[in-house]
file input-v7.tsv (TSV, C-alpha atoms)
chain	number	residue	atom	x	y	z
Q	1	MET	CA	94.29	127.99	111.57
Q	2	ASN	CA	90.87	128.10	113.24
Q	3	ILE	CA	89.19	128.50	109.87
Q	4	LEU	CA	91.01	125.41	108.54
Q	5	ILE	CA	89.83	123.34	111.52
Q	6	TYR	CA	86.23	124.49	111.04
Q	7	ILE	CA	86.34	123.68	107.32
Q	8	LEU	CA	87.76	120.20	107.98
Q	9	PHE	CA	85.06	119.53	110.58
Q	10	GLY	CA	82.38	120.79	108.20
Q	11	ILE	CA	83.45	118.50	105.34
Q	12	GLY	CA	83.85	115.52	107.64
Q	13	LEU	CA	80.45	115.97	109.27
Q	14	ALA	CA	78.76	116.42	105.89
Q	15	PHE	CA	80.12	113.13	104.57
Q	16	ASN	CA	79.45	111.23	107.79
Q	17	GLY	CA	75.87	112.52	107.64
Q	18	LEU	CA	75.53	111.44	104.00
Q	19	GLY	CA	76.79	107.99	104.97
Q	20	SER	CA	74.25	107.44	107.71
Q	21	PHE	CA	71.51	108.96	105.53
Q	22	ALA	CA	72.39	106.59	102.67
Q	23	LEU	CA	71.88	103.64	105.04
Q	24	ILE	CA	68.18	104.48	105.04
Q	25	ARG	CA	67.91	105.71	101.45
Q	26	PHE	CA	69.15	102.72	99.42
Q	27	PRO	CA	67.25	99.51	98.64
Q	28	ASP	CA	69.55	96.56	99.41
Q	29	VAL	CA	72.55	95.44	101.45
Q	30	TYR	CA	75.21	95.92	98.79
Q	31	THR	CA	74.29	99.47	97.82
Q	32	ARG	CA	74.01	100.43	101.49
Q	33	LEU	CA	77.40	98.90	102.18
Q	34	HIS	CA	78.91	100.97	99.37
Q	35	TRP	CA	77.96	104.30	100.84
Q	36	ALA	CA	78.17	103.35	104.50
Q	37	THR	CA	81.82	102.35	104.05
Q	38	LYS	CA	82.99	105.08	101.69
Q	39	CYS	CA	81.29	108.04	103.33
Q	40	THR	CA	82.12	107.23	106.91
Q	41	THR	CA	85.76	106.45	106.09
Q	42	PHE	CA	86.14	109.67	104.10
Q	43	GLY	CA	84.36	111.74	106.74
Q	44	SER	CA	86.45	110.23	109.51
Q	45	ILE	CA	89.64	111.15	107.63
Q	46	PHE	CA	88.55	114.79	107.69
Q	47	THR	CA	87.36	114.99	111.31
Q	48	THR	CA	90.51	113.21	112.47
Q	49	ALA	CA	92.61	115.53	110.30
Q	50	ALA	CA	90.98	118.45	112.11
Q	51	VAL	CA	92.06	117.01	115.46
Q	52	ILE	CA	95.58	116.39	114.10
Q	53	VAL	CA	95.84	120.00	112.89
Q	54	TYR	CA	94.54	121.19	116.25
Q	55	GLY	CA	97.11	119.09	118.12
Q	56	PHE	CA	100.07	120.32	116.09
Q	57	ALA	CA	98.87	123.93	116.11
Q	58	ARG	CA	98.39	123.99	119.88
Q	59	GLY	CA	101.99	122.84	120.46
Q	60	GLY	CA	103.50	121.26	123.56
Q	61	ALA	CA	104.21	117.61	124.34
Q	62	ALA	CA	100.67	116.69	125.41
Q	63	TYR	CA	99.08	118.05	122.24
Q	64	HIS	CA	101.72	116.52	119.98
Q	65	THR	CA	101.01	113.17	121.62
Q	66	LEU	CA	97.32	113.69	120.88
Q	67	ALA	CA	98.06	114.36	117.20
Q	68	ILE	CA	100.41	111.39	116.80
Q	69	HIS	CA	98.02	108.97	118.47
Q	70	SER	CA	95.23	110.29	116.24
Q	71	ILE	CA	97.36	109.46	113.18
Q	72	VAL	CA	97.78	105.88	114.41
Q	73	ALA	CA	94.02	105.61	115.04
Q	74	LEU	CA	93.34	106.91	111.54
Q	75	ILE	CA	95.66	104.32	109.99
Q	76	ALA	CA	93.93	101.55	111.97
Q	77	LEU	CA	90.56	102.81	110.73
Q	78	LEU	CA	91.77	103.01	107.10
Q	79	ILE	CA	93.01	99.42	107.13
Q	80	THR	CA	90.12	97.79	108.99
Q	81	ASN	CA	87.14	99.53	107.37
Q	82	PRO	CA	87.35	98.28	103.75
Q	83	THR	CA	88.44	94.83	104.90
Q	84	GLY	CA	85.40	94.60	107.16
Q	85	ALA	CA	83.18	95.75	104.30
Q	86	HIS	CA	84.60	93.03	102.06
Q	87	ALA	CA	83.97	90.40	104.77
Q	88	ILE	CA	80.37	91.55	105.19
Q	89	ALA	CA	79.71	91.58	101.43
Q	90	ARG	CA	81.09	88.09	100.97
Q	91	ALA	CA	79.28	86.67	103.98
Q	92	THR	CA	76.01	88.25	102.88
Q	93	TYR	CA	76.35	86.81	99.38
Q	94	ARG	CA	77.14	83.35	100.68
Q	95	SER	CA	74.21	83.45	103.09
Q	96	GLY	CA	71.95	83.67	100.05
Q	97	VAL	CA	70.99	87.34	99.76
Q	98	LYS	CA	71.15	88.31	96.07
Q	99	PRO	CA	71.58	91.93	94.95
Q	100	LYS	CA	68.27	93.60	94.04
Q	101	PHE	CA	67.73	95.13	90.58
Q	102	ALA	CA	71.01	93.59	89.39
Q	103	VAL	CA	71.53	93.74	85.64
Q	104	VAL	CA	74.36	91.19	85.68
Q	105	ASP	CA	75.55	88.69	88.30
Q	106	LYS	CA	78.75	86.87	87.36
Q	107	LEU	CA	79.16	85.34	90.81
Q	108	GLU	CA	75.92	83.38	90.40
Q	109	GLU	CA	77.14	81.88	87.14
Q	110	LYS	CA	80.28	80.67	88.86
Q	111	SER	CA	78.67	78.61	91.61
L	112	MET	CA	114.10	83.84	112.06
L	113	PRO	CA	114.09	86.88	109.73
L	114	ALA	CA	110.29	86.91	109.90
L	115	PHE	CA	110.45	86.91	113.71
L	116	LEU	CA	112.97	89.77	113.78
L	117	ALA	CA	111.06	91.86	111.24
L	118	THR	CA	107.79	91.44	113.13
L	119	SER	CA	109.48	92.41	116.40
L	120	ILE	CA	111.06	95.50	114.86
L	121	VAL	CA	107.77	96.67	113.35
L	122	ALA	CA	106.04	96.15	116.72
L	123	TYR	CA	108.84	98.03	118.51
L	124	VAL	CA	108.61	100.99	116.13
L	125	LEU	CA	104.85	101.16	116.69
L	126	TYR	CA	105.40	101.04	120.46
L	127	LEU	CA	107.97	103.85	120.25
L	128	ILE	CA	105.59	106.00	118.20
L	129	LEU	CA	102.83	105.51	120.76
L	130	THR	CA	105.05	106.40	123.72
L	131	LEU	CA	106.70	109.53	122.35
L	132	PHE	CA	107.41	112.38	124.80
L	133	THR	CA	107.47	110.23	127.92
L	134	GLY	CA	110.98	110.90	129.26
L	135	ARG	CA	114.56	112.00	128.92
L	136	VAL	CA	116.42	109.24	127.00
L	137	GLY	CA	115.98	110.84	123.61
L	138	LEU	CA	112.25	111.33	123.75
L	139	TRP	CA	111.48	108.21	125.74
L	140	SER	CA	112.00	107.12	129.34
L	141	ALA	CA	114.32	104.17	130.00
L	142	GLY	CA	111.47	102.07	131.39
L	143	GLU	CA	109.41	102.49	128.24
L	144	LEU	CA	112.36	101.53	126.03
L	145	ILE	CA	113.01	98.31	127.97
L	146	SER	CA	109.40	97.21	128.42
L	147	GLY	CA	108.73	98.01	124.77
L	148	ALA	CA	111.62	95.78	123.71
L	149	VAL	CA	110.39	92.89	125.85
L	150	LEU	CA	106.78	93.23	124.71
L	151	SER	CA	107.67	93.50	121.03
L	152	LEU	CA	109.86	90.38	121.27
L	153	ILE	CA	106.89	88.52	122.77
L	154	ALA	CA	104.60	89.89	120.06
L	155	GLY	CA	107.08	88.83	117.38
L	156	ALA	CA	107.32	85.31	118.83
L	157	ILE	CA	103.54	84.95	118.77
L	158	ALA	CA	102.74	86.61	115.46
L	159	TYR	CA	105.59	85.89	113.05
L	160	ARG	CA	103.75	82.96	111.45
L	161	VAL	CA	100.84	85.17	110.42
L	162	SER	CA	102.52	88.45	109.64
L	163	PHE	CA	104.75	87.14	106.86
L	164	GLU	CA	103.34	84.40	104.70
L	165	LYS	CA	105.44	81.36	103.94
L	166	GLU	CA	107.13	81.21	100.58
L	167	ARG	CA	105.11	79.18	98.13
L	168	ALA	CA	106.45	77.47	95.04
L	169	GLY	CA	107.20	80.03	92.36
L	170	GLU	CA	106.54	83.05	94.58
L	171	LYS	CA	108.89	85.52	96.13
L	172	SER	CA	108.98	86.01	99.89
L	173	SER	CA	106.66	88.69	101.29
L	174	MET	CA	109.63	90.05	103.24
L	175	ARG	CA	110.47	92.34	100.32
L	176	LEU	CA	107.56	94.55	101.40
L	177	LEU	CA	109.95	96.02	103.96
L	178	ASN	CA	111.99	97.52	101.12
L	179	PRO	CA	111.92	101.31	101.72
L	180	LEU	CA	111.37	102.03	98.02
L	181	ARG	CA	108.09	100.10	98.15
L	182	LEU	CA	107.03	102.00	101.27
L	183	ILE	CA	107.71	105.31	99.49
L	184	TYR	CA	105.66	104.11	96.50
L	185	PHE	CA	102.90	103.14	98.93
L	186	LEU	CA	102.83	106.59	100.56
L	187	LEU	CA	102.88	108.31	97.15
L	188	TYR	CA	99.99	106.10	96.07
L	189	LEU	CA	98.02	106.93	99.23
L	190	ILE	CA	98.26	110.69	98.97
L	191	GLY	CA	98.21	110.91	95.17
L	192	PRO	CA	95.89	108.82	92.95
L	193	PHE	CA	94.15	107.03	95.81
L	194	PHE	CA	93.02	110.16	97.61
L	195	ILE	CA	91.82	111.81	94.41
L	196	ALA	CA	89.80	108.73	93.46
L	197	MET	CA	88.33	108.65	96.95
L	198	ALA	CA	87.29	112.31	96.79
L	199	LYS	CA	85.66	111.64	93.40
L	200	ALA	CA	83.87	108.63	94.87
L	201	ASN	CA	82.37	110.72	97.62
L	202	LEU	CA	81.16	113.47	95.29
L	203	ASP	CA	79.59	110.69	93.22
L	204	VAL	CA	77.85	109.54	96.40
L	205	ALA	CA	76.31	112.93	96.97
L	206	TYR	CA	74.93	112.84	93.41
L	207	ARG	CA	73.50	109.35	93.72
L	208	VAL	CA	72.02	109.82	97.17
L	209	ILE	CA	70.07	112.79	95.88
L	210	THR	CA	68.96	111.37	92.51
L	211	GLY	CA	68.82	107.69	93.49
L	212	ARG	CA	69.99	106.64	90.01
L	213	ILE	CA	71.63	103.22	90.27
L	214	ARG	CA	72.20	100.27	87.95
L	215	PRO	CA	73.91	97.63	90.09
L	216	GLY	CA	75.45	94.32	89.15
L	217	ILE	CA	78.30	91.96	90.01
L	218	VAL	CA	81.08	91.73	87.42
L	219	ARG	CA	84.29	89.74	87.25
L	220	ILE	CA	87.70	91.30	86.62
L	221	SER	CA	91.10	89.64	86.26
L	222	PRO	CA	93.82	92.03	87.40
L	223	GLY	CA	96.50	89.38	86.98
L	224	LEU	CA	98.26	90.05	90.31
L	225	LYS	CA	100.49	87.34	91.67
L	226	THR	CA	100.73	87.95	95.43
L	227	ASP	CA	98.20	87.91	98.27
L	228	PHE	CA	99.29	91.33	99.49
L	229	GLY	CA	98.80	92.81	96.04
L	230	ILE	CA	95.26	91.49	95.71
L	231	THR	CA	94.44	92.69	99.24
L	232	LEU	CA	95.67	96.18	98.41
L	233	LEU	CA	93.70	96.22	95.16
L	234	ALA	CA	90.53	94.92	96.83
L	235	ASN	CA	90.71	97.56	99.56
L	236	SER	CA	91.37	100.30	97.00
L	237	ILE	CA	88.41	99.11	94.94
L	238	THR	CA	86.14	99.22	97.98
L	239	LEU	CA	87.02	102.83	98.73
L	240	THR	CA	86.83	104.21	95.18
L	241	PRO	CA	83.94	105.25	92.91
L	242	GLY	CA	80.95	102.94	92.80
L	243	THR	CA	82.72	99.61	93.30
L	244	LEU	CA	82.82	97.10	96.15
L	245	SER	CA	84.80	93.87	96.11
L	246	VAL	CA	82.49	90.98	97.02
L	247	ASP	CA	84.45	87.79	96.49
L	248	VAL	CA	87.81	86.56	95.31
L	249	ASP	CA	88.71	83.46	93.33
L	250	GLU	CA	91.57	82.06	95.40
L	251	ASP	CA	93.27	80.16	92.57
L	252	THR	CA	93.28	82.64	89.71
L	253	ARG	CA	93.09	85.74	91.95
L	254	ASP	CA	90.14	87.14	90.05
L	255	LEU	CA	87.92	89.63	91.85
L	256	TYR	CA	84.13	89.73	91.84
L	257	VAL	CA	83.14	93.37	92.09
L	258	HIS	CA	79.75	94.85	92.91
L	259	TRP	CA	79.48	97.81	90.55
L	260	ILE	CA	76.88	100.49	91.19
L	261	ASN	CA	76.66	101.70	87.58
L	262	VAL	CA	77.28	98.83	85.17
L	263	LYS	CA	78.30	100.13	81.77
L	264	ASP	CA	79.60	96.85	80.39
L	265	PRO	CA	78.79	93.34	81.69
L	266	GLU	CA	82.29	92.04	80.82
L	267	PRO	CA	84.61	94.92	81.67
L	268	SER	CA	88.37	95.02	81.53
L	269	CYS	CA	90.27	95.77	84.73
L	270	ALA	CA	91.07	99.34	83.69
L	271	GLU	CA	87.39	100.16	83.20
L	272	VAL	CA	86.54	99.30	86.81
L	273	CYS	CA	89.56	100.33	88.81
L	274	GLY	CA	91.60	102.66	86.56
L	275	ASN	CA	95.34	102.28	86.97
L	276	PHE	CA	95.17	100.82	90.50
L	277	ALA	CA	96.25	97.39	89.30
L	278	ASP	CA	99.50	98.90	87.98
L	279	TRP	CA	100.10	100.65	91.30
L	280	ALA	CA	99.39	97.46	93.26
L	281	ARG	CA	101.83	95.60	91.02
L	282	ARG	CA	104.47	98.25	91.53
L	283	ILE	CA	104.07	98.19	95.31
L	284	ALA	CA	103.64	94.48	95.95
L	285	GLU	CA	105.53	92.61	93.23
E	286	MET	CA	94.37	130.70	117.47
E	287	ILE	CA	93.04	128.27	120.07
E	288	VAL	CA	89.76	126.61	119.19
E	289	ASP	CA	87.04	126.84	121.81
E	290	PRO	CA	86.36	123.32	123.24
E	291	ILE	CA	82.65	123.92	122.69
E	292	VAL	CA	83.25	123.34	118.95
E	293	PHE	CA	84.45	119.81	119.65
E	294	PHE	CA	81.41	119.14	121.80
E	295	ILE	CA	79.09	120.34	119.03
E	296	VAL	CA	80.83	118.04	116.53
E	297	ALA	CA	80.51	115.16	119.01
E	298	ILE	CA	76.77	115.84	119.34
E	299	PHE	CA	76.49	115.58	115.54
E	300	PHE	CA	78.23	112.22	115.71
E	301	LEU	CA	75.68	111.13	118.31
E	302	LEU	CA	72.86	112.19	115.98
E	303	PHE	CA	74.32	110.20	113.09
E	304	THR	CA	74.71	107.18	115.36
E	305	ILE	CA	71.03	107.37	116.32
E	306	PHE	CA	70.20	107.75	112.61
E	307	SER	CA	72.13	104.56	111.82
E	308	MET	CA	70.38	102.75	114.68
E	309	VAL	CA	67.13	103.08	112.71
E	310	ARG	CA	68.62	100.73	110.13
E	311	LEU	CA	69.95	98.49	112.90
E	312	GLY	CA	66.40	98.05	114.14
E	313	LEU	CA	64.60	97.91	110.77
E	314	GLY	CA	67.07	95.91	108.66
E	315	PRO	CA	65.22	93.05	106.97
E	316	THR	CA	68.29	90.80	106.74
E	317	THR	CA	71.19	90.12	109.08
E	318	GLY	CA	73.52	91.73	106.54
E	319	ASP	CA	71.75	95.07	106.91
E	320	ARG	CA	72.18	94.93	110.65
E	321	ILE	CA	75.92	94.24	110.43
E	322	VAL	CA	76.34	97.10	107.96
E	323	ALA	CA	74.60	99.45	110.39
E	324	LEU	CA	76.72	98.14	113.27
E	325	ASP	CA	79.91	98.67	111.28
E	326	THR	CA	78.88	102.24	110.48
E	327	ILE	CA	78.12	102.89	114.14
E	328	ASN	CA	81.55	101.54	115.11
E	329	THR	CA	83.31	103.92	112.72
E	330	LEU	CA	81.23	106.84	113.97
E	331	VAL	CA	82.02	105.99	117.60
E	332	VAL	CA	85.75	105.79	116.88
E	333	SER	CA	85.90	109.18	115.19
E	334	GLY	CA	83.61	110.65	117.84
E	335	MET	CA	86.00	109.43	120.53
E	336	ILE	CA	88.95	111.09	118.78
E	337	VAL	CA	87.05	114.39	118.66
E	338	LEU	CA	86.08	114.05	122.33
E	339	SER	CA	89.68	113.45	123.32
E	340	ALA	CA	90.52	116.85	121.83
E	341	ALA	CA	87.61	118.36	123.75
E	342	TYR	CA	88.67	116.95	127.12
E	343	ASN	CA	92.45	117.09	126.45
E	344	GLU	CA	92.76	113.42	127.34
E	345	VAL	CA	95.09	111.33	125.14
E	346	ILE	CA	93.78	108.13	126.72
E	347	PHE	CA	90.53	108.48	124.72
E	348	VAL	CA	92.48	108.07	121.49
E	349	ASP	CA	94.20	104.96	122.80
E	350	VAL	CA	90.80	103.52	123.68
E	351	ALA	CA	89.60	104.47	120.18
E	352	ILE	CA	92.48	102.53	118.56
E	353	ILE	CA	91.68	99.42	120.58
E	354	TYR	CA	87.96	99.88	119.91
E	355	ALA	CA	88.60	100.08	116.16
E	356	LEU	CA	90.65	96.88	116.15
E	357	LEU	CA	88.24	94.97	118.41
E	358	SER	CA	85.17	96.06	116.44
E	359	PHE	CA	86.94	94.85	113.29
E	360	VAL	CA	87.43	91.45	114.90
E	361	GLY	CA	83.77	91.48	115.96
E	362	THR	CA	82.62	92.28	112.43
E	363	LEU	CA	84.76	89.49	111.01
E	364	TYR	CA	83.38	87.07	113.58
E	365	VAL	CA	79.74	87.87	112.80
E	366	ALA	CA	80.48	87.71	109.07
E	367	ARG	CA	82.08	84.31	109.54
E	368	TYR	CA	79.05	83.13	111.50
E	369	LEU	CA	76.73	84.36	108.74
E	370	GLU	CA	78.78	82.51	106.15
E	371	GLY	CA	78.24	79.31	108.09
E	372	GLY	CA	81.90	78.62	108.76
E	373	LEU	CA	81.64	78.62	112.54
call {"tool": "encode", "arguments": {"input": "input-v7.tsv", "output": "structure tokens"}}
result
Amino acid sequence: MNILIYILFGIGLAFNGLGSFALIRFPDVYTRLHWATKCTTFGSIFTTAAVIVYGFARGGAAYHTLAIHSIVALIALLITNPTGAHAIARATYRSGVKPKFAVVDKLEEKS
Amino acid sequence: MPAFLATSIVAYVLYLILTLFTGRVGLWSAGELISGAVLSLIAGAIAYRVSFEKERAGEKSSMRLLNPLRLIYFLLYLIGPFFIAMAKANLDVAYRVITGRIRPGIVRISPGLKTDFGITLLANSITLTPGTLSVDVDEDTRDLYVHWINVKDPEPSCAEVCGNFADWARRIAE
Amino acid sequence: MIVDPIVFFIVAIFFLLFTIFSMVRLGLGPTTGDRIVALDTINTLVVSGMIVLSAAYNEVIFVDVAIIYALLSFVGTLYVARYLEGGL
């Protein structure tokens, strides 16, 4: 069980690190938003899963409560993260920042 | 009235989940059960207008989302195709962060979904899956504008961008 | 069988490092959009860091705070996005 928790933490930390690294690596808002959202959400699933496994493996009411509350926190994170990303993308576009190096931009043709 | 009751019940279930293992009545203490009931009734009275949209002309009520079959479909979707696509997306990230090979653009897709919940589900799925990010939505036709990191085709079909997610969203929400 | 709490602290330190890393973009970001993206990333990192810390300290209340933090930061992001759009 310990090994499983370490593996989950390892995967989660790797993806969270990639996400924050990609924030610096990529050229414009939209590409950054891609990786910032995807990587941190995916990494958080794994680190939270590690805590959930730990809670259920430890046993006892207090640890079960910890695991169940972590599940609720994870669901809240899963719902709010992509919605927030969508709001940011739309607001950025409407504030006049166009995607760099874009080969096609259908949204510009619309307005 | 049904919207109010449904909102209250969902709030009460959430409250009960968060206060597990607090006492002797089942798994809860009597105080938690009573205060939870009062609070969820208040929450239902405040929030029922937002939580279930009004029926529009030619659309079915969003109350049918409480159908257990749809919830089971939703869970299957989350742990099956959605999670696999998400894992693929993140391996794709690792590749692109290292090589820096991108070809971005904004394309338009028409999934042909009829409800607000369906388009929300599809937009969120698109944001979390390989190389796509929903930027804007056309409120009338429910077309999505998607920022695509690796444009292969300037006028793609829905299946090219989001795979079979539109079918899943239709199955869950309509 | 029982994981040493020091593991959770090490993971939390990594989360702190990533948060500092994201703060570089928060300071540099040429447009407002970049700054919100960085802020959103930091919020997610803080929430998952709090969950890990709650396992380290054996305090369930940290997770409850994390839930509320996630929801409030979502509202904050929406609010800033709305402001940027010019709808406020």
call {"tool": "closest_residue", "arguments": {"input": "input-v7.tsv", "among": "E:Gly318, E:Ala341, E:Leu302, E:Leu357", "to": "chain Q", "atoms": "all atoms listed in the file"}}
result
E:Gly318
call {"tool": "closest_residue", "arguments": {"input": "input-v7.tsv", "among": "L:Gly147, L:Gly242, L:Gly223, L:Gly274", "to": "Cys39 (chain Q)", "atoms": "only C-alpha atoms"}}
result
L:Gly242
call {"tool": "interface_residues", "arguments": {"input": "input-v7.tsv", "of": "chain L", "to": "chain Q", "cutoff": "8 Å", "atoms": "all atoms listed in the file", "output": "number ranges by chain"}}
result
L: 128-129, 131-132, 197-198, 200-201, 204-205, 208, 211, 214-219, 235, 238-240, 242-247, 256, 258, 260, 262, 265
call {"tool": "residues_around", "arguments": {"input": "input-v7.tsv", "residues": "Leu324 (chain E)", "least_positions_apart": "6", "cutoff": "12 Å", "atoms": "only C-alpha atoms", "output": "PyMOL selection string"}}
result
(chain Q and resi 20+23+33+36-37+84-85+88) or (chain E and resi 304-312+314+317-318+330-331+358-359+361-362+365-366)
call {"tool": "write_last_selection", "arguments": {"input": "input-v7.tsv", "atoms": "C-alpha atoms", "output": "mmCIF file, in the coordinates of the input"}}
result
data_model
loop_
_atom_site.group_PDB
_atom_site.id
_atom_site.type_symbol
_atom_site.label_atom_id
_atom_site.label_comp_id
_atom_site.auth_asym_id
_atom_site.auth_seq_id
_atom_site.Cartn_x
_atom_site.Cartn_y
_atom_site.Cartn_z
ATOM 1 C CA SER Q 20 74.250 107.440 107.710
ATOM 2 C CA LEU Q 23 71.880 103.640 105.040
ATOM 3 C CA LEU Q 33 77.400 98.900 102.180
ATOM 4 C CA ALA Q 36 78.170 103.350 104.500
ATOM 5 C CA THR Q 37 81.820 102.350 104.050
ATOM 6 C CA GLY Q 84 85.400 94.600 107.160
ATOM 7 C CA ALA Q 85 83.180 95.750 104.300
ATOM 8 C CA ILE Q 88 80.370 91.550 105.190
ATOM 9 C CA THR E 304 74.710 107.180 115.360
ATOM 10 C CA ILE E 305 71.030 107.370 116.320
ATOM 11 C CA PHE E 306 70.200 107.750 112.610
ATOM 12 C CA SER E 307 72.130 104.560 111.820
ATOM 13 C CA MET E 308 70.380 102.750 114.680
ATOM 14 C CA VAL E 309 67.130 103.080 112.710
ATOM 15 C CA ARG E 310 68.620 100.730 110.130
ATOM 16 C CA LEU E 311 69.950 98.490 112.900
ATOM 17 C CA GLY E 312 66.400 98.050 114.140
ATOM 18 C CA GLY E 314 67.070 95.910 108.660
ATOM 19 C CA THR E 317 71.190 90.120 109.080
ATOM 20 C CA GLY E 318 73.520 91.730 106.540
ATOM 21 C CA LEU E 330 81.230 106.840 113.970
ATOM 22 C CA VAL E 331 82.020 105.990 117.600
ATOM 23 C CA SER E 358 85.170 96.060 116.440
ATOM 24 C CA PHE E 359 86.940 94.850 113.290
ATOM 25 C CA GLY E 361 83.770 91.480 115.960
ATOM 26 C CA THR E 362 82.620 92.280 112.430
ATOM 27 C CA VAL E 365 79.740 87.870 112.800
ATOM 28 C CA ALA E 366 80.480 87.710 109.070
#
call {"tool": "atom_distance", "arguments": {"input": "input-v7.tsv", "atom1": "CA of Gly142 (chain L)", "atom2": "CA of Tyr126 (chain L)"}}
result
12.5 Å
call {"tool": "closest_atom_pairs", "arguments": {"input": "input-v7.tsv", "of": "chain E", "to": "chain Q", "cutoff": "9 Å", "atoms": "only C-alpha atoms", "output": "CSV"}}
result
residue,atom,partner,partner_atom,distance
E:Met286,CA,Q:Asn2,CA,6.1
E:Ile287,CA,Q:Arg58,CA,6.9
E:Val288,CA,Q:Asn2,CA,6.2
E:Val292,CA,Q:Tyr6,CA,8.5
E:Val296,CA,Q:Phe9,CA,7.5
E:Phe299,CA,Q:Leu13,CA,7.4
E:Phe300,CA,Q:Leu13,CA,7.8
E:Leu302,CA,Q:Gly17,CA,8.9
E:Phe303,CA,Q:Ser20,CA,6.0
E:Thr304,CA,Q:Ser20,CA,7.7
E:Phe306,CA,Q:Ser20,CA,6.4
E:Ser307,CA,Q:Ser20,CA,5.4
E:Val309,CA,Q:Ile24,CA,7.9
E:Arg310,CA,Q:Ile24,CA,6.3
E:Thr316,CA,Q:Val29,CA,8.2
E:Thr317,CA,Q:Thr92,CA,8.1
E:Gly318,CA,Q:Thr92,CA,5.6
E:Asp319,CA,Q:Val29,CA,5.5
E:Ile321,CA,Q:Ile88,CA,7.4
E:Val322,CA,Q:Leu33,CA,6.1
E:Ala323,CA,Q:Leu23,CA,7.3
E:Asp325,CA,Q:Gly84,CA,8.0
E:Thr326,CA,Q:Ala36,CA,6.1
E:Ile327,CA,Q:Ser20,CA,8.8
E:Thr329,CA,Q:Thr40,CA,6.8
E:Leu330,CA,Q:Thr40,CA,7.1
E:Val332,CA,Q:Leu77,CA,8.4
E:Ser333,CA,Q:Ser44,CA,5.8
E:Gly334,CA,Q:Thr47,CA,8.7
E:Ile336,CA,Q:Ser70,CA,6.8
E:Val337,CA,Q:Val51,CA,6.5
E:Ser339,CA,Q:Leu66,CA,8.0
E:Ala340,CA,Q:Val51,CA,6.6
E:Asn343,CA,Q:Tyr63,CA,7.9
E:Glu344,CA,Q:Leu66,CA,7.9
E:Val345,CA,Q:Leu66,CA,5.4
E:Ile346,CA,Q:Leu66,CA,8.8
E:Val348,CA,Q:Ser70,CA,6.3
E:Asp349,CA,Q:His69,CA,7.0
E:Ala351,CA,Q:Ala73,CA,6.9
E:Ile352,CA,Q:Ala73,CA,4.9
E:Ile353,CA,Q:Ala73,CA,8.6
E:Ala355,CA,Q:Leu77,CA,6.4
E:Leu356,CA,Q:Ala76,CA,7.1
E:Phe359,CA,Q:Thr80,CA,6.1
E:Val360,CA,Q:Gly84,CA,8.6
E:Thr362,CA,Q:Gly84,CA,6.4
E:Leu363,CA,Q:Ala87,CA,6.4
E:Val365,CA,Q:Ile88,CA,8.5
E:Ala366,CA,Q:Ala91,CA,5.3
E:Arg367,CA,Q:Ala91,CA,6.7
E:Tyr368,CA,Q:Ala91,CA,8.3
E:Leu369,CA,Q:Ala91,CA,5.9
E:Glu370,CA,Q:Ala91,CA,4.7
E:Gly371,CA,Q:Ser95,CA,7.6
call {"tool": "atom_distance", "arguments": {"input": "input-v7.tsv", "atom1": "CA of Ile195 (chain L)", "atom2": "CA of Ala297 (chain E)"}}
result
27.3 Å
call {"tool": "atom_distance", "arguments": {"input": "input-v7.tsv", "atom1": "CA of Leu152 (chain L)", "atom2": "CA of Tyr123 (chain L)"}}
result
8.2 Å
call {"tool": "residues_around", "arguments": {"input": "input-v7.tsv", "residues": "Leu116 (chain L)", "least_positions_apart": "3", "cutoff": "10 Å", "atoms": "all atoms listed in the file", "output": "ChimeraX atom specification"}}
result
/L:112-113,119-122,151-152,155-156,159
